[in-house]
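Here's target-v1.tsv, which has TSV, C-alpha atoms:
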```
chain	number	residue	atom	x	y	z
A	108	MET	CA	4.87	31.89	-25.06
A	109	ALA	CA	7.96	31.00	-23.12
A	110	ARG	CA	7.50	28.93	-20.00
A	111	GLU	CA	10.79	28.47	-18.20
A	112	ALA	CA	10.80	27.35	-14.59
A	113	ALA	CA	12.49	29.64	-12.12
A	114	GLU	CA	12.67	30.24	-8.41
A	115	ARG	CA	9.23	30.72	-6.90
A	116	PRO	CA	8.59	34.26	-5.62
A	117	PRO	CA	7.67	34.94	-1.98
A	118	GLU	CA	4.08	34.39	-0.87
A	119	GLU	CA	3.70	38.15	-0.35
A	120	THR	CA	4.38	38.68	-4.05
A	121	LEU	CA	1.90	36.00	-5.07
A	122	SER	CA	-0.75	37.57	-2.85
A	123	LEU	CA	-0.10	40.93	-4.46
A	124	TRP	CA	-0.40	39.39	-7.91
A	125	LYS	CA	-3.70	37.72	-6.98
A	126	ARG	CA	-5.14	41.03	-5.79
A	127	GLU	CA	-4.05	42.73	-9.00
A	128	GLN	CA	-5.66	39.98	-11.08
A	129	ALA	CA	-8.90	40.35	-9.13
A	130	ARG	CA	-8.86	44.12	-9.62
A	131	LEU	CA	-8.28	43.91	-13.37
A	132	LYS	CA	-10.70	41.00	-13.84
A	133	ALA	CA	-13.55	43.33	-12.92
A	134	LEU	CA	-12.74	45.30	-16.09
A	135	VAL	CA	-12.98	42.34	-18.49
A	136	VAL	CA	-15.69	42.56	-21.15
A	137	ASP	CA	-16.74	39.13	-22.44
A	138	ARG	CA	-19.10	40.22	-25.21
A	139	ASP	CA	-18.73	41.61	-28.72
A	140	THR	CA	-17.99	45.33	-28.69
A	141	GLU	CA	-17.16	45.98	-32.37
A	142	ALA	CA	-19.47	45.83	-35.38
A	143	TRP	CA	-17.11	43.53	-37.33
A	144	GLN	CA	-17.35	40.89	-34.58
A	145	ARG	CA	-21.07	40.45	-35.20
A	146	ASP	CA	-20.70	40.15	-38.98
A	147	PRO	CA	-20.57	36.51	-40.23
A	148	ALA	CA	-17.74	37.40	-42.63
A	149	PHE	CA	-16.02	39.83	-40.24
A	150	SER	CA	-16.68	42.69	-42.65
A	151	GLY	CA	-14.69	45.70	-41.47
A	152	LEU	CA	-11.89	43.67	-39.90
A	153	GLN	CA	-8.62	44.64	-41.61
A	154	ARG	CA	-5.82	44.09	-39.09
A	155	VAL	CA	-5.20	41.15	-36.75
A	156	GLY	CA	-2.28	41.12	-34.31
A	157	GLY	CA	-0.31	38.32	-32.73
A	158	VAL	CA	2.16	38.37	-29.83
A	159	ASP	CA	4.79	36.01	-28.51
A	160	VAL	CA	7.73	35.86	-26.12
A	161	SER	CA	10.54	33.46	-27.06
A	162	PHE	CA	13.43	32.54	-24.79
A	163	VAL	CA	17.10	32.22	-25.52
A	164	LYS	CA	17.84	28.52	-25.06
A	165	GLY	CA	19.29	27.83	-21.64
A	166	ASP	CA	18.66	31.38	-20.43
A	167	ARG	CA	15.84	32.17	-18.01
A	168	VAL	CA	16.22	35.93	-18.33
A	169	SER	CA	16.97	36.86	-21.96
A	170	ALA	CA	14.00	36.71	-24.30
A	171	CYS	CA	12.50	38.31	-27.38
A	172	ALA	CA	9.08	39.96	-27.22
A	173	SER	CA	7.37	40.24	-30.58
A	174	LEU	CA	4.25	41.85	-31.98
A	175	VAL	CA	3.13	41.31	-35.57
A	176	VAL	CA	0.16	42.73	-37.43
A	177	LEU	CA	-1.36	40.87	-40.35
A	178	SER	CA	-3.84	42.05	-42.94
A	179	TYR	CA	-7.21	40.31	-42.86
A	180	PRO	CA	-8.35	38.18	-44.61
A	181	GLU	CA	-5.09	37.95	-46.62
A	182	LEU	CA	-3.02	37.15	-43.49
A	183	GLU	CA	0.06	38.95	-44.82
A	184	VAL	CA	2.43	40.57	-42.32
A	185	VAL	CA	2.25	44.37	-42.51
A	186	TYR	CA	4.08	45.25	-39.29
A	187	GLU	CA	6.70	43.58	-37.11
A	188	ASP	CA	8.26	44.61	-33.81
A	189	CYS	CA	10.83	42.36	-32.11
A	190	HIS	CA	12.84	43.48	-29.08
A	191	MET	CA	15.26	41.64	-26.83
A	192	VAL	CA	14.18	41.98	-23.21
A	193	SER	CA	15.38	40.91	-19.78
A	194	LEU	CA	12.68	39.26	-17.70
A	195	THR	CA	12.75	39.89	-13.99
A	196	ALA	CA	9.68	38.02	-12.75
A	197	PRO	CA	9.88	34.21	-12.60
A	198	TYR	CA	7.37	31.95	-14.33
A	199	VAL	CA	4.68	30.70	-11.97
A	200	SER	CA	1.67	28.77	-13.25
A	201	GLY	CA	-1.35	31.08	-13.30
A	202	PHE	CA	0.77	34.25	-13.25
A	203	LEU	CA	2.38	34.24	-16.70
A	204	ALA	CA	1.16	37.77	-17.39
A	205	PHE	CA	3.37	39.30	-14.71
A	206	ARG	CA	6.40	37.83	-16.47
A	207	GLU	CA	5.60	38.72	-20.08
A	208	VAL	CA	2.73	41.19	-20.50
A	209	PRO	CA	4.67	44.39	-19.61
A	210	PHE	CA	6.89	43.91	-22.65
A	211	LEU	CA	3.92	43.20	-24.92
A	212	VAL	CA	2.14	46.32	-23.66
A	213	ASP	CA	5.31	48.28	-24.51
A	214	ALA	CA	5.24	46.84	-28.05
A	215	VAL	CA	1.62	47.91	-28.54
A	216	GLN	CA	2.46	51.38	-27.22
A	217	ARG	CA	5.38	51.72	-29.66
A	218	LEU	CA	3.06	50.81	-32.51
A	219	ARG	CA	0.48	53.38	-31.42
A	220	GLU	CA	3.18	56.05	-31.41
A	221	GLN	CA	5.02	55.08	-34.59
A	222	ALA	CA	2.27	53.79	-36.88
A	223	PRO	CA	-1.18	54.36	-35.40
A	224	GLY	CA	-2.83	53.35	-38.67
A	225	LEU	CA	-1.52	49.79	-38.20
A	226	VAL	CA	-2.79	49.19	-34.66
A	227	PRO	CA	-4.56	45.80	-34.73
A	228	GLN	CA	-8.29	45.61	-34.21
A	229	VAL	CA	-7.84	42.38	-32.25
A	230	LEU	CA	-4.93	40.49	-30.69
A	231	LEU	CA	-4.43	36.72	-30.66
A	232	VAL	CA	-2.37	35.53	-27.70
A	233	ASP	CA	-0.56	32.22	-27.19
A	234	GLY	CA	-2.18	31.51	-23.85
A	235	ASN	CA	-5.50	31.50	-22.03
A	236	GLY	CA	-8.09	34.11	-21.23
A	237	LEU	CA	-11.07	33.27	-19.03
A	238	LEU	CA	-9.93	29.64	-19.11
A	239	HIS	CA	-7.69	30.16	-16.10
A	240	HIS	CA	-7.31	29.27	-12.41
A	241	ARG	CA	-8.83	32.61	-11.38
A	242	GLY	CA	-10.61	33.45	-14.64
A	243	PHE	CA	-7.99	35.98	-15.68
A	244	GLY	CA	-5.27	34.62	-17.96
A	245	VAL	CA	-2.63	36.38	-20.03
A	246	ALA	CA	-5.09	37.21	-22.84
A	247	CYS	CA	-7.41	38.97	-20.39
A	248	HIS	CA	-4.50	40.80	-18.78
A	249	LEU	CA	-3.11	42.07	-22.10
A	250	GLY	CA	-6.57	43.01	-23.36
A	251	VAL	CA	-7.46	45.08	-20.32
A	252	LEU	CA	-4.09	46.91	-20.24
A	253	THR	CA	-4.12	47.72	-23.97
A	254	ASP	CA	-7.91	48.18	-24.24
A	255	LEU	CA	-7.89	45.95	-27.33
A	256	PRO	CA	-10.07	42.93	-28.08
A	257	CYS	CA	-8.04	39.83	-27.21
A	258	VAL	CA	-8.42	36.10	-27.82
A	259	GLY	CA	-6.60	33.39	-25.88
A	260	VAL	CA	-5.39	30.50	-28.03
A	261	ALA	CA	-3.67	27.71	-26.08
A	262	LYS	CA	-2.12	24.53	-27.46
A	263	LYS	CA	-2.72	22.50	-24.28
A	264	LEU	CA	-5.72	22.18	-22.00
A	265	LEU	CA	-5.36	24.06	-18.74
A	266	GLN	CA	-6.99	21.70	-16.25
A	267	VAL	CA	-9.08	23.98	-14.06
A	268	ASP	CA	-12.61	23.90	-12.62
A	269	GLY	CA	-12.87	20.15	-13.11
A	270	LEU	CA	-11.64	20.11	-16.72
A	271	GLU	CA	-9.34	17.15	-17.27
A	272	ASN	CA	-7.41	15.76	-20.19
A	273	ASN	CA	-8.85	12.33	-19.47
A	274	ALA	CA	-10.29	9.52	-21.60
A	275	GLN	CA	-13.64	11.30	-21.95
A	276	HIS	CA	-11.94	14.47	-23.17
A	277	LYS	CA	-9.82	12.51	-25.65
A	278	GLU	CA	-12.94	10.74	-26.91
A	279	LYS	CA	-14.50	14.12	-27.69
A	280	ILE	CA	-11.34	15.14	-29.54
A	281	GLY	CA	-11.61	11.98	-31.62
A	282	LEU	CA	-15.06	13.08	-32.80
A	283	LEU	CA	-13.68	16.29	-34.32
A	284	GLN	CA	-13.54	15.42	-38.02
A	285	THR	CA	-12.94	18.56	-40.07
A	286	GLY	CA	-11.49	22.03	-39.56
A	287	GLY	CA	-13.99	24.15	-37.65
A	288	ASP	CA	-15.43	21.29	-35.58
A	289	SER	CA	-15.47	22.11	-31.87
A	290	PHE	CA	-16.96	21.35	-28.49
A	291	PRO	CA	-17.49	23.56	-25.41
A	292	LEU	CA	-15.25	23.35	-22.36
A	293	MET	CA	-17.72	23.32	-19.48
A	294	GLY	CA	-16.20	23.38	-16.03
A	295	GLY	CA	-17.55	21.76	-12.89
A	296	SER	CA	-19.14	25.08	-11.95
A	297	GLY	CA	-21.34	24.87	-15.05
A	298	ALA	CA	-19.61	27.79	-16.75
A	299	VAL	CA	-18.36	27.44	-20.33
A	300	LEU	CA	-14.73	28.53	-20.03
A	301	GLY	CA	-13.73	28.09	-23.66
A	302	THR	CA	-13.90	25.90	-26.74
A	303	ALA	CA	-11.81	23.03	-28.06
A	304	LEU	CA	-11.39	23.73	-31.78
A	305	LYS	CA	-10.04	21.59	-34.61
A	306	SER	CA	-8.42	24.49	-36.39
A	307	HIS	CA	-7.33	22.75	-39.60
A	308	ASP	CA	-8.44	19.69	-41.55
A	309	ARG	CA	-5.05	18.03	-41.09
A	310	SER	CA	-4.48	18.90	-37.43
A	311	THR	CA	-4.77	16.06	-34.93
A	312	LYS	CA	-4.70	18.17	-31.76
A	313	PRO	CA	-7.26	20.87	-30.97
A	314	LEU	CA	-6.64	24.43	-29.90
A	315	TYR	CA	-8.22	25.75	-26.72
A	316	VAL	CA	-9.85	29.10	-27.43
A	317	SER	CA	-11.08	31.42	-24.70
A	318	VAL	CA	-12.24	35.00	-24.36
A	319	GLY	CA	-9.58	37.53	-23.45
A	320	HIS	CA	-11.34	40.87	-23.62
A	321	LYS	CA	-13.97	42.74	-25.67
A	322	ILE	CA	-15.12	39.73	-27.74
A	323	SER	CA	-17.59	36.87	-27.37
A	324	LEU	CA	-16.51	33.25	-27.31
A	325	GLU	CA	-18.44	32.54	-30.52
A	326	ALA	CA	-16.65	35.33	-32.41
A	327	ALA	CA	-13.30	34.33	-30.88
A	328	VAL	CA	-13.67	30.78	-32.18
A	329	ARG	CA	-14.72	31.92	-35.68
A	330	LEU	CA	-11.84	34.36	-35.83
A	331	THR	CA	-9.30	31.77	-34.72
A	332	ARG	CA	-10.52	29.36	-37.38
A	333	GLY	CA	-10.38	32.12	-40.01
A	334	CYS	CA	-6.74	32.88	-39.16
A	335	CYS	CA	-5.45	29.31	-39.53
A	336	ARG	CA	-3.43	28.30	-42.57
A	337	PHE	CA	-1.98	25.54	-40.42
A	338	ARG	CA	-2.88	24.39	-36.91
A	339	ILE	CA	-1.63	27.55	-35.16
A	340	PRO	CA	-3.33	30.85	-36.08
A	341	GLU	CA	-1.11	32.80	-38.45
A	342	PRO	CA	-0.72	35.90	-36.23
A	343	VAL	CA	0.59	33.80	-33.32
A	344	ARG	CA	2.62	31.61	-35.64
A	345	GLN	CA	4.32	34.56	-37.32
A	346	ALA	CA	5.04	36.24	-33.97
A	347	ASP	CA	6.74	33.04	-32.79
A	348	ILE	CA	8.74	32.57	-36.00
A	349	ARG	CA	9.93	36.15	-36.10
A	350	SER	CA	10.86	36.31	-32.43
A	351	ARG	CA	13.02	33.21	-32.84
A	352	ASP	CA	14.57	34.61	-36.00
A	353	HIS	CA	15.37	37.82	-34.15
A	354	ILE	CA	17.14	35.86	-31.42
A	355	ARG	CA	19.21	34.02	-34.01
A	356	ARG	CA	20.12	37.23	-35.83
A	357	THR	CA	20.93	39.05	-32.59
A	358	LEU	CA	22.89	36.35	-30.80
A	359	GLY	CA	24.21	34.43	-33.79
A	360	ALA	CA	22.58	31.52	-35.54
A	361	SER	CA	23.53	28.04	-34.51
A	362	ARG	CA	24.58	25.98	-37.48
A	363	PRO	CA	22.73	22.81	-38.46
A	364	PRO	CA	24.45	19.59	-37.41
A	365	ALA	CA	26.21	17.44	-39.98
A	366	PRO	CA	24.81	13.97	-40.68
A	367	LYS	CA	26.04	11.24	-38.36
A	368	GLN	CA	28.54	8.77	-39.75
A	369	ASP	CA	29.42	5.23	-38.69
A	370	SER	CA	32.95	3.85	-38.43
A	371	SER	CA	33.07	3.16	-42.18
A	372	GLY	CA	32.14	6.73	-43.02
A	373	ARG	CA	28.62	5.93	-44.20
A	374	TYR	CA	25.87	8.39	-43.28
A	375	THR	CA	23.44	6.91	-40.77
A	376	ALA	CA	21.21	9.86	-39.82
A	377	TRP	CA	20.26	13.15	-41.44
A	378	PRO	CA	19.26	16.27	-39.54
A	379	ARG	CA	15.51	16.82	-39.66
A	380	PHE	CA	13.99	20.01	-40.98
A	381	PRO	CA	10.23	20.72	-40.82
A	382	ARG	CA	8.25	19.76	-43.92
A	383	LEU	CA	11.31	18.93	-46.03
A	384	HIS	CA	11.36	15.32	-44.85
A	385	ALA	CA	7.59	14.92	-44.83
A	386	ARG	CA	7.34	13.10	-48.17
A	387	HIS	CA	10.75	12.50	-49.67
A	388	GLY	CA	13.24	12.56	-46.83
A	389	ASP	CA	15.76	15.20	-45.87
A	390	ALA	CA	18.16	14.30	-48.66
A	391	CYS	CA	16.65	15.72	-51.82
A	392	ALA	CA	18.45	17.51	-54.63
A	393	GLY	CA	17.45	21.04	-53.70
A	394	PHE	CA	17.83	20.53	-49.95
A	395	TRP	CA	20.87	22.65	-49.13
A	396	ALA	CA	20.22	25.20	-51.89
A	397	LEU	CA	16.76	25.88	-50.47
A	398	THR	CA	17.55	25.57	-46.76
A	399	ALA	CA	20.80	27.51	-46.68
A	400	PRO	CA	19.21	30.97	-47.15
A	401	LEU	CA	16.57	30.14	-44.54
A	402	MET	CA	19.19	29.02	-42.02
A	403	GLY	CA	21.22	32.18	-42.34
A	404	GLU	CA	23.84	30.62	-44.62
A	405	PRO	CA	24.95	32.31	-47.84
A	406	GLY	CA	23.24	31.02	-50.98
A	407	VAL	CA	24.87	27.84	-52.21
A	408	GLY	CA	24.75	26.40	-55.69
A	409	VAL	CA	24.07	22.68	-55.99
A	410	THR	CA	25.30	20.63	-58.94
A	411	ALA	CA	24.32	17.00	-59.45
A	412	GLY	CA	27.19	14.89	-60.64
A	413	GLY	CA	27.75	11.29	-61.74
A	414	GLY	CA	25.18	8.57	-62.09
A	415	GLY	CA	25.32	5.70	-59.66
A	416	ALA	CA	23.20	2.78	-58.59
A	417	PRO	CA	19.42	2.92	-58.41
A	418	GLY	CA	18.15	4.32	-55.12
A	419	PRO	CA	15.53	2.77	-52.86
A	420	ASP	CA	12.79	4.78	-54.55
A	421	GLY	CA	13.85	3.76	-58.05
A	422	GLY	CA	15.72	7.00	-58.67
A	423	MET	CA	19.46	7.47	-59.03
A	424	ARG	CA	21.92	8.21	-56.26
A	425	GLN	CA	23.49	11.55	-57.07
A	426	THR	CA	26.67	13.19	-55.79
A	427	LEU	CA	26.08	16.86	-55.11
A	428	THR	CA	28.92	19.35	-55.50
A	429	LEU	CA	28.57	21.88	-52.71
A	430	PRO	CA	30.90	24.92	-52.44
A	431	HIS	CA	30.65	24.77	-48.66
A	432	PRO	CA	32.97	23.30	-46.01
A	433	ARG	CA	30.24	21.00	-44.76
A	434	GLU	CA	30.76	18.32	-47.38
A	435	ALA	CA	28.76	15.84	-45.38
A	436	TRP	CA	25.67	17.13	-47.19
A	437	GLY	CA	27.05	15.89	-50.50
A	438	ALA	CA	25.14	12.67	-51.19
A	439	ALA	CA	21.42	12.24	-51.70
A	440	TRP	CA	18.93	9.72	-52.98
A	441	MET	CA	16.50	11.48	-55.28
A	442	SER	CA	13.86	10.62	-57.81
A	443	ARG	CA	12.28	12.86	-60.41
A	444	GLU	CA	9.32	13.26	-58.07
A	445	ALA	CA	11.59	14.27	-55.22
A	446	ARG	CA	13.41	16.82	-57.39
A	447	ALA	CA	10.10	18.33	-58.46
A	448	ALA	CA	8.81	18.48	-54.91
A	449	CYS	CA	11.92	20.19	-53.59
A	450	ALA	CA	12.64	22.52	-56.47
A	451	PRO	CA	10.41	25.60	-56.03
A	452	ALA	CA	11.93	27.80	-53.32
A	453	PRO	CA	8.75	29.91	-52.86
A	454	VAL	CA	6.80	26.82	-51.80
A	455	LEU	CA	9.31	26.02	-49.07
A	456	SER	CA	9.33	29.65	-48.02
A	457	GLU	CA	5.57	29.61	-47.47
A	458	ALA	CA	5.57	26.27	-45.73
A	459	GLN	CA	8.23	27.43	-43.32
A	460	GLY	CA	6.15	30.56	-42.64
A	461	ARG	CA	8.96	32.89	-43.61
A	462	PRO	CA	8.57	36.00	-45.76
A	463	ARG	CA	9.18	35.57	-49.47
A	464	PRO	CA	12.61	36.72	-50.65
A	465	SER	CA	12.57	40.35	-51.75
```

If you took the structure in this file and wrote it as structure tokens, what would it be?
Amino acid sequence: MAREAAERPPEETLSLWKREQARLKALVVDRDTEAWQRDPAFSGLQRVGGVDVSFVKGDRVSACASLVVLSYPELEVVYEDCHMVSLTAPYVSGFLAFREVPFLVDAVQRLREQAPGLVPQVLLVDGNGLLHHRGFGVACHLGVLTDLPCVGVAKKLLQVDGLENNAQHKEKIGLLQTGGDSFPLMGGSGAVLGTALKSHDRSTKPLYVSVGHKISLEAAVRLTRGCCRFRIPEPVRQADIRSRDHIRRTLGASRPPAPKQDSSGRYTAWPRFPRLHARHGDACAGFWALTAPLMGEPGVGVTAGGGGAPGPDGGMRQTLTLPHPREAWGAAWMSREARAACAPAPVLSEAQGRPRPS
């Protein structure tokens, strides 16, 4: 979810918002209401939704509201709705829903009208539910207004009711060993407000799961874990990816920067792209051929030319012939292992979370 600072609204507005939260909070249901929620394997669950609001960089008003629906348990996108919106309410901590939820409710309503058979049976929200200053976060707000089960999934701990991201909390995080490990978030009042969940074996930071509406905390945690291919649950992850893609397509994609050069013309720094540099560095043989389609560039053929001196990994330094004005991408150190790792485009497509090419 987008969280841009803006001018604080008048106290009268904040008081009105607090009263509205209190009114809607009385409608929250914090127990399982559907048969599939009580089944250990979630038998009967077929559609899981995710929502997100992404901002245009440097713009506090323009944003993209997205709703995606994924099949379960396959986690394949079956529906996507992305709309550019103009936000009128400022962001104030504890009142995120008044800034973003109206546009997400509209997205759910469009889905109900256009494809009722694809309405999700549960929504995952990038934000909090009962884990909130007044026990009514964005996941609760969206759940009550859409009458859909909702789960709040936050990436950072909201420090309320005595919960603190202190040494004791970090010690508990350190005890989470494998995906699915968790510990309860008990506030100073004695209430369990949510759960800290290690969502993936390789994740180092937990997610903070809380009830939004029409689901128990136990089922919310199991569902979140079941939706994670990576750290972030796939419905939320796909909503974020697709909203950002929509902004780029709508407003024009910014081009990747060229590598930096020193005074002698040697390349000193390469732009970083997620997962490409993880094992073999940015500069691998298939780099531009694979990244160009994903960055909105036309497909580019890459031809290795000339031998050269051995590279730092024992491979050969290759000169790449690129039919593209940005010739700065033309040199790369690559070994056989690096070529193999970078070659299959479908693997990169999945890792980046983007749909496979049609």

Within 9 Å of segment 305-329 of chain A: each segment 207-236 of chain A residue with its shortest pair, only C-alpha atoms, as a tab-separated table:
```
residue	atom	partner	partner_atom	distance
A:Val229	CA	A:Ile322	CA	9.0
A:Leu231	CA	A:Gly319	CA	8.9
A:Val232	CA	A:Gly319	CA	8.6
A:Gly234	CA	A:Val316	CA	8.8
A:Asn235	CA	A:Ser317	CA	6.2
A:Gly236	CA	A:Gly319	CA	4.3
```

Contacts of segment 221-279 of chain A with segment 121-132 of chain A up to 8 Å, shortest pair per row, only C-alpha atoms, as JSON lines:
```
{"residue": "A:Gly242", "atom": "CA", "partner": "A:Lys132", "partner_atom": "CA", "distance": 7.6}
{"residue": "A:Phe243", "atom": "CA", "partner": "A:Lys132", "partner_atom": "CA", "distance": 6.0}
{"residue": "A:Cys247", "atom": "CA", "partner": "A:Lys132", "partner_atom": "CA", "distance": 7.6}
{"residue": "A:His248", "atom": "CA", "partner": "A:Leu131", "partner_atom": "CA", "distance": 7.3}
{"residue": "A:Val251", "atom": "CA", "partner": "A:Leu131", "partner_atom": "CA", "distance": 7.1}
```

Expected file: the selected residues, C-alpha atoms, as an mmCIF file, in the frame of the given file:
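So the final result, stored in again-v6.cif, reads:
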```cif
data_model
loop_
_atom_site.group_PDB
_atom_site.id
_atom_site.type_symbol
_atom_site.label_atom_id
_atom_site.label_comp_id
_atom_site.auth_asym_id
_atom_site.auth_seq_id
_atom_site.Cartn_x
_atom_site.Cartn_y
_atom_site.Cartn_z
ATOM 1 C CA GLY A 242 -10.610 33.450 -14.640
ATOM 2 C CA PHE A 243 -7.990 35.980 -15.680
ATOM 3 C CA CYS A 247 -7.410 38.970 -20.390
ATOM 4 C CA HIS A 248 -4.500 40.800 -18.780
ATOM 5 C CA VAL A 251 -7.460 45.080 -20.320
#
```

Exercise. Tell me, in Å to one decimal, how far atom CA of Ser169 of chain A is from atom CA of His190 of chain A.
Key: 10.6 Å

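Minimum atom-to-atom distances from A:Gln144, A:Gln284, A:Ser350, A:Ser200 to Glu187 of chain A were compared using all atoms listed in the file, and the lowest value belongs to A:Ser350.
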
Practice problem: To one decimal in Å, tell me the separation between atom CA of Ala172 of chain A and atom CA of Val160 of chain A. | Solution: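 Going from atom CA of Ala172 of chain A over to atom CA of Val160 of chain A, I get 4.5 Å.
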
Self-check item: Residue nearest Ala196 of chain A - candidates A:Gly287, A:Pro117, A:Gly224, A:Gly281, atoms counted: all atoms listed in the file
Solution: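 Comparing A:Gly287, A:Pro117, A:Gly224, A:Gly281 against Ala196 of chain A, the winner is A:Pro117.
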
Exercise. Go through A:Asn273, A:Thr253, A:Ser296, A:Ser161 and flag the residue nearest Gln216 of chain A, using all atoms listed in the file for the distances.
Key: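 Of A:Asn273, A:Thr253, A:Ser296, A:Ser161, the one nearest Gln216 of chain A, counting all atoms listed in the file, is A:Thr253.
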
Quiz item: atom CA of Thr302 of chain A and atom CA of Val258 of chain A are how many Å apart?
Solution: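 Answer for the atom CA of Thr302 of chain A to atom CA of Val258 of chain A separation: 11.6 Å.
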
Quiz item: So, counting all atoms listed in the file, which residue among A:Ala346, A:Leu265, A:Ala148, A:Val299 is closest to Leu211 of chain A?
Solution: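 Under the stated criterion, the closest residue is A:Ala346.
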
Self-check item: Long-range neighbours of Pro197 of chain A as JSON, numbers by chain, 12 Å cut-off, all atoms listed in the file, 2 positions minimum in chain
Solution: {"A": [109, 110, 111, 112, 113, 114, 115, 116, 117, 120, 121, 167, 168, 193, 194, 195, 199, 200, 201, 202, 203, 204, 205, 206, 207]}

Quiz prompt | Selected residue of minimal separation from Ala303 of chain A among A:Leu238, A:Ser150, A:Gly244, A:Asp352, counting only C-alpha atoms | solution =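 Between A:Leu238, A:Ser150, A:Gly244, A:Asp352, the residue approaching Ala303 of chain A most closely is A:Leu238.
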
Practice problem: Do a neighbour search on Arg349 of chain A at 9 Å with all atoms listed in the file, toss out local chain neighbours closer than 2 positions, and write the hits as JSON, numbers by chain. | Solution: {"A": [173, 175, 187, 188, 189, 344, 345, 346, 347, 351, 352, 353, 354, 461]}

Quiz prompt | Point (-0.1, 34.2, -44.0) neighbourhood (9 Å, only C-alpha atoms) written as an MDAnalysis selection string | solution = chainID A and resid 177:178 181:184 334:336 341:342 345 457 460

Quiz prompt | Pick from A:Leu330, A:Val176, A:Leu249, A:Ala298, whichever lies nearest to Leu225 of chain A using only C-alpha atoms | solution =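 The shortest atom-to-atom distance to Leu225 of chain A comes from A:Val176.
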
Return the padded bounding box of segment 114-126 of chain A as JSON: axis-aligned, built from all atoms listed in the file, 6 Å added on each side, with centre and edge lengths in Å to one decimal.
```
{"center_x": 3.8, "center_y": 35.6, "center_z": -4.4, "size_x": 29.8, "size_y": 22.8, "size_z": 20.1}
```
